[in-house]
Amino acid sequence: MLYPNDIEEKLGFDKIRTLVKGKCASTLGTSVADQMRFTSNYDLIVKLLEQTNEFQRILISGDSFPTSNFIDVTDLLKKSATEGAFLSELELLDISKSLETVIKCIHFLKLNKETYPNLSLLSANIEVDAAIVSAIAEKIDLDGRVKDNATKALQDIRHSLRNRYNQVRKSMQSIYKKAVEDGLVPSGSSITVRDGRMVIPVLAEYKKRISGFIHDESSTGGTIYMEPTSILEGNNEIRELEYAEKREVIKILIQLTNTIRLNLPDLKEGYSFLGKIDFIRAKARFSKDIEGIKPQINKNPLVQWKNATHPLLKLALEKEGRAIVPLSIQLQAEERIIVISGPNAGGKSVSLKTVGLIQYMLQCGLLVPLDQGSEAGIFDNIFIDIGDEQSLENDLSTYSSHLKSMKFFIEQSNNKSLCLIDEFGTGTDPQFGGPIAEAILKELHTKKTFGVITTHYSNIKSFTERTAGLVNGAMRFDMNKLEPMFQLDVGKPGSSFSLEVARKTGLPKDLLDYAKAVIGDKNIDVDDLLMKLERQKQLVKERDEKLREREHEVKRLEHDYKSLLEKLELNKKDIISKAKEEASRLLKDTNREIEKTIRHIKANSAHKAETKKARERLQNLKDKVEEPKVVVKPLRVNRSDKPLAPGDLVKLTDQDVTATILAIKGKDAEVQIGLLKSKVKLDRLVRISKGQDKTIQKEKARSTHGLNMTDKLVNFNTTLDLRGKRAEEVMGELDRFLDDAILFGLDEVRILHGKGNGVLREVVRNHAKSQSFVSSAQDEHIDRGGAGITVINLK
């Protein structure tokens with residue numbers, strides 16, 4: 001049940017209907033939109049919402065659903081129902097195009113039955129014979145003209161008509177040419193047609209010089225239009241052929257119309273389906289404009305909405321480039337009625353109308369502008385009392401009308417009713433209006449009615465505060481700017497801020513003081529308390545906003561720090577890579593210079609003067625590549641009987657290199673040296689403190705790598721000679737050699753152990769292959785030592 005009769009106009013639903021109709025492609029859809037009605041049938045509401053929701057998904061997905069030729073041919077179907085009647089070529093063409101759209105829609109929904117099940121049900125029992133479309137297409141072309149080959153008789157008639165017409169026109173042109181030469185026709189004239197017969201214009205004074213029949217004359221009488229006697233028979237034949245053509249065309253149109261008449265019941269169903277599809281498509285398009293969704297639907301009365309927006313207000317503000325303030329509201333068994341108070345023009349009435357309009361739209365099958373996670377119930381009744389009349393002259397009649405509405409609410413409302421009352425209790429003496437309103441509210445509460453009520457009366461706020469099932473709500477007010485904020489706060493009453501607004505408008509202070517005295521201290525104190533609460537809430541909100549800003553700044557700084565750290569890590573890897581490349585280049589240059597020097601000394605039989613020159617060149621090379629030496633104080637390391645363990649900071653005894661122990665296996669330790677992991681003998685490691693580690697790092701920062709890398713690299717030999725040594729002696733030396741090779745970034749080294757009985761070779765290769773950074777250990781080329789030398793390739 002709905003109240004009053006003009007509820008749609010009062011809520012603004014008539015404008016919603018108009019907007020939906022504007023989205024329809026034809027009057028087929030607008031006719032269905034006119035039939036859109038409020039319902040409390042849960043299953044029907046869910047079905048209508050699902051249909052619209054599915055079509056909204058079609059629009060979003062971009063699927064090729066038919067969108068053209070939604071033509072309303074209802075009147076044409078009525079015309080074809082009469083025996084002997086026939087449709088014109090263009091009318092039949094409209095039926096053909098629209099029927100083709102019906103067929104395409106049905107085909108689309110059948111192909112996507114699982115994706116759009118509710119829409120597919122609409123076409124389940126629709127049967128439209130595609131042969132009708134084929135029959136019309138076979139007889140009528142796309143310009144709406146019966147084709148020449150529609151029948152053999154029509155083809156022959158039109159062939160004869162064209163031939164006879166050409167013959168007559170040829171004769172006519174000959175006569176006309178002669179008349180022009182003789183000066184019998186007006187200047188600039190041409191052959192024309194009168195009453196379906198070809199004629200030539202002749203000056204009136206020369207009409208007797210041409211034998212023929214006069215068919216017409218100009219408005220001035222100066223020109224007559226004559227049909228020469230010689231072409232009279234030809235024109236008669238053309239006229240007879242045109243009549244024959246018309247009879248044959250009508251015969252064809254009657255046949256096609258009869259085909260439609262025989263299928264009228266199916267066609268009516270098909271066009272009813274097309275109208276529904278057009279309407280549902282329009283609802284989906286409108287839903288996109290207002291960002292409508294299908295909330296969770298509950299069979300019981302319920303309002304649990306997140307960020308609801310008034311659709312009409314939303315569209316209006318968007319045109320002005322302004323954003324709407326959303327409304328979050330709950331009406332449920334524990335809190336069925338919300339009483340909203342607050343300043344005038346603060347949004348109380350908008351909140352009430354938002355609830356009414358959205359609930360009405362929902363129960364008409366329209367998607368509604370809520371956030372996901374909202375839940376909506378179904379009401380049997382929606383009753384509204386919105387007093388739009390504001391004039392003093394109508395106060396009495398307005399209040400009488402208001403009481404009449406309240407009487408209806410009390411008599412008809414129940415626990416499935418939604419009552420919306422704006423400006424509750426106004427229109428009469430507040431001394432009596434307030435108590436009467438309170439009594440009405442008490443009765444509605446007793447009937448367990450749901451509702452939204454707006455008021456300024458303090459007694460209504462107080463009654464709501466102390467009554468279970470009722471809840472106060474306040475429209476927020478900016479105490480600094482003295483402006484409404486259009487935000488609803490649930491749980492406390494609001495002040496009307498009458499004195500504050502009056503003060504802002506500039507009323508004299510003595511007037512305001514007098515008003516305060518009349519109002520009384522008690523009422524003033526209550527209003528002051530509400531204002532203080534509002535002010536405190538605003539302060540808390542401002543602090544929360546500042547806290548959020550700080551949290552955002554902390555997150556930004558954290559992000560910047562991580563980004564900087566990543567860049568530093570990348571730069572670190574790049575620096576190490578470049579250092580390795582530079583060291584490799586220096587090594588190659590040094591080896592090349594040494595080899596050159598050796599060849600030079602050999603070539604000169606180690607002559608003293610030449611040897612001196614060679615040493616000078618080597619010294620120049622050393623000065624060129626060597627960094628200035630830094631005097632490093634000997635580092636005092638920690639000596640402790642406590643065994644080394646994973647996680648200890650250590651220093652290599654023969655190098656100024658620090659590392660962290662990752663794991664210990666027997667006499668070996670896996671250590672992390674910068675980005676490099678390596679295996680080192682335990683007897684080469686000494687535990688150090690964090691302070692000692694920092695000291696070494698500082699010294700390394702002042703030199704190229706913390707040790708004279710250039711000197712070490714220049715003097716490093718890529719071949720380790722172990723000949724004549726026992727197996728147990730070579731392990732430590734081999735580990736140190738491989739560690740240095742890894743440190744210098746070498747790819748390949750050689751171990752000279754000789755052939756002998758092969759024991760030393762096996763020890764070297766087995767130990768090398770056990771290292772994770774060794775990829776292979778194999779014989780040198782036969783020409784360069786073969787099995788007497790092991791070539792070790794490093795990863």
# chains A, B, ... in the order shown; residues from 1 in each chain; ligands from 1
call {"tool": "residues_around", "arguments": {"residues": "Leu264 (chain A)", "least_positions_apart": "3", "cutoff": "8 Å", "atoms": "only C-alpha atoms", "output": "PyMOL selection string"}}
result
chain A and resi 77+81+260-261+267-268
call {"tool": "residues_around", "arguments": {"residues": "Pro186 (chain A)", "least_positions_apart": "4", "cutoff": "12 Å", "atoms": "only C-alpha atoms", "output": "short mmCIF file (atom, residue, chain, number, x, y, z; two decimals) with all heavy atoms, in the first residue's frame"}}
result
data_model
loop_
_atom_site.label_atom_id
_atom_site.label_comp_id
_atom_site.auth_asym_id
_atom_site.auth_seq_id
_atom_site.Cartn_x
_atom_site.Cartn_y
_atom_site.Cartn_z
N TYR A 176 9.96 18.23 -79.13
CA TYR A 176 10.36 19.37 -78.32
C TYR A 176 11.51 20.13 -78.98
O TYR A 176 11.52 21.37 -78.99
CB TYR A 176 10.76 18.88 -76.93
CG TYR A 176 11.25 19.99 -76.02
CD1 TYR A 176 10.35 20.87 -75.43
CD2 TYR A 176 12.60 20.17 -75.74
CE1 TYR A 176 10.77 21.88 -74.60
CE2 TYR A 176 13.03 21.18 -74.90
CZ TYR A 176 12.12 22.04 -74.34
OH TYR A 176 12.55 23.05 -73.52
N ALA A 179 10.13 22.24 -81.68
CA ALA A 179 9.39 23.38 -81.14
C ALA A 179 10.34 24.46 -80.64
O ALA A 179 10.07 25.65 -80.78
CB ALA A 179 8.47 22.91 -80.03
N VAL A 180 11.46 24.06 -80.06
CA VAL A 180 12.46 25.03 -79.61
C VAL A 180 13.03 25.78 -80.79
O VAL A 180 13.21 27.01 -80.77
CB VAL A 180 13.57 24.32 -78.81
CG1 VAL A 180 14.73 25.27 -78.53
CG2 VAL A 180 13.02 23.79 -77.50
N GLU A 181 13.35 25.05 -81.89
CA GLU A 181 13.91 25.68 -83.09
C GLU A 181 12.93 26.67 -83.69
O GLU A 181 13.34 27.72 -84.23
CB GLU A 181 14.26 24.60 -84.12
CG GLU A 181 15.45 23.74 -83.70
CD GLU A 181 15.68 22.58 -84.67
OE1 GLU A 181 14.84 22.40 -85.58
OE2 GLU A 181 16.69 21.85 -84.48
N ASP A 182 11.64 26.35 -83.57
CA ASP A 182 10.61 27.25 -84.14
C ASP A 182 10.24 28.37 -83.18
O ASP A 182 9.40 29.22 -83.51
CB ASP A 182 9.35 26.45 -84.49
CG ASP A 182 9.60 25.44 -85.62
OD1 ASP A 182 10.61 25.62 -86.33
OD2 ASP A 182 8.80 24.50 -85.77
N SER A 190 11.48 22.70 -70.20
CA SER A 190 11.86 21.33 -70.55
C SER A 190 10.61 20.45 -70.55
O SER A 190 9.52 20.87 -70.12
CB SER A 190 12.88 20.79 -69.56
OG SER A 190 12.31 20.75 -68.27
N ILE A 191 10.80 19.22 -71.04
CA ILE A 191 9.70 18.25 -71.03
C ILE A 191 9.32 17.97 -69.59
O ILE A 191 10.17 17.83 -68.71
CB ILE A 191 10.13 16.96 -71.74
CG1 ILE A 191 10.47 17.24 -73.22
CG2 ILE A 191 9.06 15.90 -71.65
CD1 ILE A 191 11.10 16.06 -73.93
N ILE A 200 4.81 18.91 -73.27
CA ILE A 200 5.82 19.94 -73.50
C ILE A 200 5.17 21.30 -73.26
O ILE A 200 3.99 21.51 -73.55
CB ILE A 200 6.40 19.87 -74.93
CG1 ILE A 200 5.28 20.04 -75.96
CG2 ILE A 200 7.16 18.59 -75.16
CD1 ILE A 200 5.80 20.13 -77.39
N PRO A 201 5.94 22.24 -72.64
CA PRO A 201 5.40 23.60 -72.45
C PRO A 201 5.42 24.38 -73.77
O PRO A 201 6.40 24.34 -74.52
CB PRO A 201 6.38 24.18 -71.43
CG PRO A 201 7.66 23.45 -71.65
CD PRO A 201 7.30 22.09 -72.13
N VAL A 202 4.33 25.06 -74.08
CA VAL A 202 4.21 25.83 -75.33
C VAL A 202 3.65 27.22 -74.98
O VAL A 202 2.75 27.33 -74.13
CB VAL A 202 3.26 25.13 -76.33
CG1 VAL A 202 3.11 25.97 -77.61
CG2 VAL A 202 3.76 23.74 -76.66
N LEU A 203 4.24 28.24 -75.61
CA LEU A 203 3.70 29.59 -75.42
C LEU A 203 2.24 29.62 -75.89
O LEU A 203 1.90 29.06 -76.94
CB LEU A 203 4.53 30.61 -76.17
CG LEU A 203 5.97 30.80 -75.64
CD1 LEU A 203 6.78 31.67 -76.60
CD2 LEU A 203 5.94 31.42 -74.25
N ALA A 204 1.37 30.26 -75.10
CA ALA A 204 -0.08 30.21 -75.36
C ALA A 204 -0.43 30.69 -76.77
O ALA A 204 -1.35 30.14 -77.42
CB ALA A 204 -0.81 31.03 -74.30
N GLU A 205 0.30 31.69 -77.29
CA GLU A 205 -0.06 32.23 -78.60
C GLU A 205 0.24 31.29 -79.75
O GLU A 205 -0.21 31.48 -80.88
CB GLU A 205 0.63 33.59 -78.82
CG GLU A 205 2.15 33.54 -78.80
CD GLU A 205 2.71 33.89 -77.42
OE1 GLU A 205 2.03 33.58 -76.41
OE2 GLU A 205 3.82 34.46 -77.36
N TYR A 206 1.06 30.21 -79.43
CA TYR A 206 1.42 29.27 -80.50
C TYR A 206 0.75 27.91 -80.33
O TYR A 206 1.16 26.92 -80.96
CB TYR A 206 2.94 29.07 -80.54
CG TYR A 206 3.73 30.33 -80.76
CD1 TYR A 206 4.72 30.72 -79.86
CD2 TYR A 206 3.45 31.17 -81.86
CE1 TYR A 206 5.45 31.88 -80.06
CE2 TYR A 206 4.18 32.34 -82.06
CZ TYR A 206 5.17 32.68 -81.17
OH TYR A 206 5.88 33.84 -81.36
N SER A 218 -0.02 27.46 -67.10
CA SER A 218 0.67 28.13 -65.99
C SER A 218 -0.28 29.05 -65.26
O SER A 218 -1.38 29.36 -65.75
CB SER A 218 1.88 28.92 -66.52
OG SER A 218 1.43 29.98 -67.36
N GLY A 222 0.26 32.19 -69.57
CA GLY A 222 1.17 32.44 -70.69
C GLY A 222 1.75 31.17 -71.28
O GLY A 222 2.27 31.19 -72.40
N THR A 223 1.70 30.06 -70.49
CA THR A 223 2.26 28.79 -70.96
C THR A 223 1.21 27.70 -70.80
O THR A 223 0.53 27.63 -69.78
CB THR A 223 3.51 28.41 -70.16
OG1 THR A 223 4.49 29.46 -70.26
CG2 THR A 223 4.12 27.12 -70.68
N ILE A 224 1.09 26.88 -71.87
CA ILE A 224 0.20 25.72 -71.77
C ILE A 224 1.05 24.47 -71.91
O ILE A 224 2.16 24.50 -72.46
CB ILE A 224 -0.89 25.76 -72.87
CG1 ILE A 224 -0.23 25.76 -74.27
CG2 ILE A 224 -1.83 26.94 -72.70
CD1 ILE A 224 -1.21 25.61 -75.39
N TYR A 225 0.52 23.37 -71.36
CA TYR A 225 1.24 22.10 -71.40
C TYR A 225 0.46 21.14 -72.28
O TYR A 225 -0.68 20.75 -71.95
CB TYR A 225 1.39 21.54 -69.98
CG TYR A 225 2.23 22.45 -69.10
CD1 TYR A 225 1.63 23.44 -68.32
CD2 TYR A 225 3.61 22.34 -69.09
CE1 TYR A 225 2.39 24.28 -67.53
CE2 TYR A 225 4.38 23.17 -68.29
CZ TYR A 225 3.77 24.14 -67.53
OH TYR A 225 4.53 24.99 -66.76
#
call {"tool": "select_by_dssp", "arguments": {"residues": "region 199-431 of chain A", "states": "strand (DSSP E)", "output": "ChimeraX atom specification"}}
result
/A:199-203,212-217,223-228,296-297,303-308,327-331,337-341,375-376,381-385,417-421
call {"tool": "residues_around", "arguments": {"residues": "Phe737 (chain A)", "least_positions_apart": "3", "cutoff": "12 Å", "atoms": "only C-alpha atoms", "output": "ChimeraX atom specification"}}
result
/A:654,679-680,716-722,730-734,740-744,746,748-751,768,792
call {"tool": "closest_atom_pairs", "arguments": {"of": "region 257-358 of chain A", "to": "region 49-68 of chain A", "cutoff": "10 Å", "atoms": "only C-alpha atoms", "output": "Markdown table"}}
result
| residue | atom | partner | partner_atom | distance |
| --- | --- | --- | --- | --- |
| A:Ile277 | CA | A:Phe55 | CA | 9.0 |
| A:Asp278 | CA | A:Thr67 | CA | 8.8 |
| A:Phe279 | CA | A:Thr52 | CA | 9.3 |
| A:Ile280 | CA | A:Thr52 | CA | 5.6 |
| A:Arg281 | CA | A:Phe55 | CA | 6.2 |
| A:Ala282 | CA | A:Thr52 | CA | 8.9 |
| A:Lys283 | CA | A:Thr52 | CA | 6.4 |
| A:Ala284 | CA | A:Gln56 | CA | 4.8 |
| A:Arg285 | CA | A:Gln56 | CA | 7.1 |
| A:Phe286 | CA | A:Gln56 | CA | 9.5 |
| A:Ser287 | CA | A:Gln56 | CA | 7.7 |
| A:Lys288 | CA | A:Gln56 | CA | 7.5 |
| A:Gly292 | CA | A:Asn53 | CA | 9.2 |
| A:Ile293 | CA | A:Asn53 | CA | 7.4 |
| A:Lys294 | CA | A:Leu49 | CA | 6.4 |
| A:Pro295 | CA | A:Leu49 | CA | 9.3 |
| A:Ile297 | CA | A:Leu49 | CA | 9.8 |
call {"tool": "closest_residue", "arguments": {"among": "A:Asn300, A:Gln359, A:Asn414, A:Thr229", "to": "Ser171 (chain A)", "atoms": "only C-alpha atoms"}}
result
A:Thr229
call {"tool": "residues_around", "arguments": {"residues": "Leu649 (chain A)", "least_positions_apart": "6", "cutoff": "6 Å", "atoms": "only C-alpha atoms", "output": "mmCIF file with C-alpha atoms, in the first residue's frame"}}
result
data_model
loop_
_atom_site.group_PDB
_atom_site.id
_atom_site.type_symbol
_atom_site.label_atom_id
_atom_site.label_comp_id
_atom_site.auth_asym_id
_atom_site.auth_seq_id
_atom_site.Cartn_x
_atom_site.Cartn_y
_atom_site.Cartn_z
ATOM 1 C CA ALA A 659 83.412 -11.383 7.031
ATOM 2 C CA THR A 660 80.428 -12.959 8.800
ATOM 3 C CA ARG A 687 86.941 -13.159 15.803
ATOM 4 C CA ILE A 688 86.580 -9.342 15.913
#
call {"tool": "atom_distance", "arguments": {"atom1": "CA of Ser349 (chain A)", "atom2": "CA of Val20 (chain A)"}}
result
24.5 Å
call {"tool": "residues_around", "arguments": {"residues": "Ile231 (chain A)", "least_positions_apart": "2", "cutoff": "10 Å", "atoms": "only C-alpha atoms", "output": "list in words"}}
result
Gln167, Val168, Arg169, Ser171, Met172, Ile175, Arg197, Met198, Val199, Gly212, Glu227, Pro228, Thr229, Glu233, Gly234, Asn235, Asn236 and Glu237 of chain A
call {"tool": "residues_around", "arguments": {"residues": "Gly434 (chain A)", "least_positions_apart": "3", "cutoff": "8 Å", "atoms": "only C-alpha atoms", "output": "MDAnalysis selection string"}}
result
chainID A and resid 425:426 430:431 437:438 457 459:460
call {"tool": "atom_distance", "arguments": {"atom1": "CA of Glu138 (chain A)", "atom2": "CA of Lys152 (chain A)"}}
result
13.4 Å
call {"tool": "select_by_dssp", "arguments": {"residues": "region 257-491 of chain A", "states": "alpha helix (DSSP H)", "output": "count of residues only"}}
result
100
call {"tool": "closest_residue", "arguments": {"among": "A:Ile210, A:His402, A:Gly365, A:Pro493", "to": "Val339 (chain A)", "atoms": "only C-alpha atoms"}}
result
A:Pro493
call {"tool": "atom_distance", "arguments": {"atom1": "CA of Asn5 (chain A)", "atom2": "CA of Leu420 (chain A)"}}
result
14.7 Å
call {"tool": "closest_residue", "arguments": {"among": "A:Asn118, A:Asn69, A:Ser772, A:Ser88", "to": "Thr101 (chain A)", "atoms": "only C-alpha atoms"}}
result
A:Asn69
